[in-house]
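Structure first, commentary second.
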Amino acid sequence: MESIELTIDTGHRRGTFDITGEVVAFAAGKGDGLVSVFVPHATAGVAILETGAGSDADFMDLLDRTVVRDDALYRHRHGSPGHGADHVIPGIVAPSMTIPVLGGRLTLGTWQSVVLVDPNEDNAVRRVRLSFLAG
């Protein structure tokens, strides 16, 4: 299995960060198999979304409405306001995904993008592990 680690600069911003280009480049020329995308953080995840048309902002708004950022609601209280919610979000937004690769190309749909979902403004840099398992 081949594996690399990406470093994503989030700049202490909450949001989604499109990493499709990096995943496409990693899978390029590898033939058929599976690419795993894994975020080794307790307050981040990965998702497949349409980006650039507002869906990515809508997704973050939905998370904020679903997982309320009121510190009084959480036992886990440290870091920036709402940080307790940041630790719950990976239960909804998984820290990993697997994408089929055929002929060295991701099998994503036309409008699908791979995004790092980072609700936590405390961290300026995130790591993402890409692994390829040949089939």
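Identifiers in this document derive from the order of the structure tokens: chains are assigned A, B, ..., residues are numbered from 1 separately in each chain, and ligands are numbered from 1 in order of occurrence.
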Just want the 7 Å neighbourhood of region 101-107 of chain A, counted on only C-alpha atoms, with same-chain residues fewer than 4 positions away dropped. Output as a PyMOL selection string. chain A and resi 24+27-35
For Arg129 (chain A), work out the shell of residues within 9 Å, counting only C-alpha atoms and skipping chain neighbours fewer than 2 positions away, then give it as an NGL selection string. :A and (3-7 or 36-40 or 127 or 131)
Now that the selection is made, can you save its residues with C-alpha atoms as a PDB file, in the first residue's frame?
ATOM      1  CA  SER A   3       0.599   6.283   1.524  1.00  0.00           C
ATOM      2  CA  ILE A   4       1.387   9.999   1.802  1.00  0.00           C
ATOM      3  CA  GLU A   5       0.453  12.761   4.209  1.00  0.00           C
ATOM      4  CA  LEU A   6      -0.847  16.149   3.082  1.00  0.00           C
ATOM      5  CA  THR A   7      -0.524  19.303   5.139  1.00  0.00           C
ATOM      6  CA  SER A  36      -8.458   6.096   1.372  1.00  0.00           C
ATOM      7  CA  VAL A  37      -8.670   9.656   2.695  1.00  0.00           C
ATOM      8  CA  PHE A  38      -8.158   9.859   6.470  1.00  0.00           C
ATOM      9  CA  VAL A  39      -7.961  12.832   8.837  1.00  0.00           C
ATOM     10  CA  PRO A  40      -6.070  11.979  12.061  1.00  0.00           C
ATOM     11  CA  ARG A 127      -2.986  16.650   8.185  1.00  0.00           C
ATOM     12  CA  SER A 131      -3.424   5.699   0.988  1.00  0.00           C
TER      13      SER A 131
END
Given only C-alpha atoms as the counted atoms, nearest of A:Glu2, A:Asp71, A:Asp64, A:Asp86 to Glu121 (chain A):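 Smallest separation from Glu121 (chain A) among the options: A:Asp86.
Shortest separation to Met97 (chain A) among A:Ala53, A:Leu63, A:Val23, A:Asp122 occurs at residue A:Val23, atoms counted being only C-alpha atoms.
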For Val114 (chain A), which of A:Leu130, A:Val88, A:Ala72, A:Met1 is the closest residue, counting only C-alpha atoms? A:Leu130
So that I can check the surroundings of region 13-22 of chain A, please list as a count of residues only every protein, DNA and RNA residue that reaches within 9 Å of it, counting only C-alpha atoms and ignoring chain neighbours fewer than 2 positions away. 28
If I take CA of Val128 (chain A) and CA of Ile48 (chain A), how far is one from the other in Å, to one decimal?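 CA of Val128 (chain A) sits 14.6 Å away from CA of Ile48 (chain A).
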With DSSP run on the backbone, what are the strand (DSSP E or B) residues within region 17-90 of chain A? I'd like them as number ranges by chain. A: 17-18, 33-38, 45-49
Produce a file of the selected residues containing C-alpha atoms, as an mmCIF file, in the first residue's frame.
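Output below, filename again16.cif:
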data_model
loop_
_atom_site.group_PDB
_atom_site.id
_atom_site.type_symbol
_atom_site.label_atom_id
_atom_site.label_comp_id
_atom_site.auth_asym_id
_atom_site.auth_seq_id
_atom_site.Cartn_x
_atom_site.Cartn_y
_atom_site.Cartn_z
ATOM 1 C CA PHE A 17 -11.235 22.952 2.203
ATOM 2 C CA ASP A 18 -11.222 21.372 -1.246
ATOM 3 C CA GLY A 33 -7.845 0.210 -6.679
ATOM 4 C CA LEU A 34 -9.090 2.212 -3.730
ATOM 5 C CA VAL A 35 -7.884 5.500 -2.317
ATOM 6 C CA SER A 36 -8.458 6.096 1.372
ATOM 7 C CA VAL A 37 -8.670 9.656 2.695
ATOM 8 C CA PHE A 38 -8.158 9.859 6.470
ATOM 9 C CA GLY A 45 -13.560 15.040 9.015
ATOM 10 C CA VAL A 46 -13.871 14.551 5.271
ATOM 11 C CA ALA A 47 -16.868 14.709 2.978
ATOM 12 C CA ILE A 48 -17.823 14.623 -0.687
ATOM 13 C CA LEU A 49 -19.685 17.816 -1.597
#
Within 12 Å of Leu73 (chain A), counting only C-alpha atoms, which residues qualify if same-chain residues fewer than 5 places away don't, as a PyMOL selection string? chain A and resi 67-68+81-85+88
DSSP on the backbone, helix (DSSP H, G or I) only: what residues of region 3-99 of chain A does that give? Format it as a ChimeraX atom specification. /A:20-27,55-66,71-73,83-91
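Distance-wise, CA of Ala42 (chain A) and CA of Pro90 (chain A) end up 7.0 Å apart.
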For the atom pair CA of Thr66 (chain A) and CA of Pro95 (chain A), what is the interatomic distance in Å to one decimal place?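 Distance between the two atoms: 18.0 Å.
In this comparison, which uses only C-alpha atoms, the residue of A:Asp9, A:Pro100, A:Gly54, A:Leu108 approaching Ala134 (chain A) most closely is A:Pro100.
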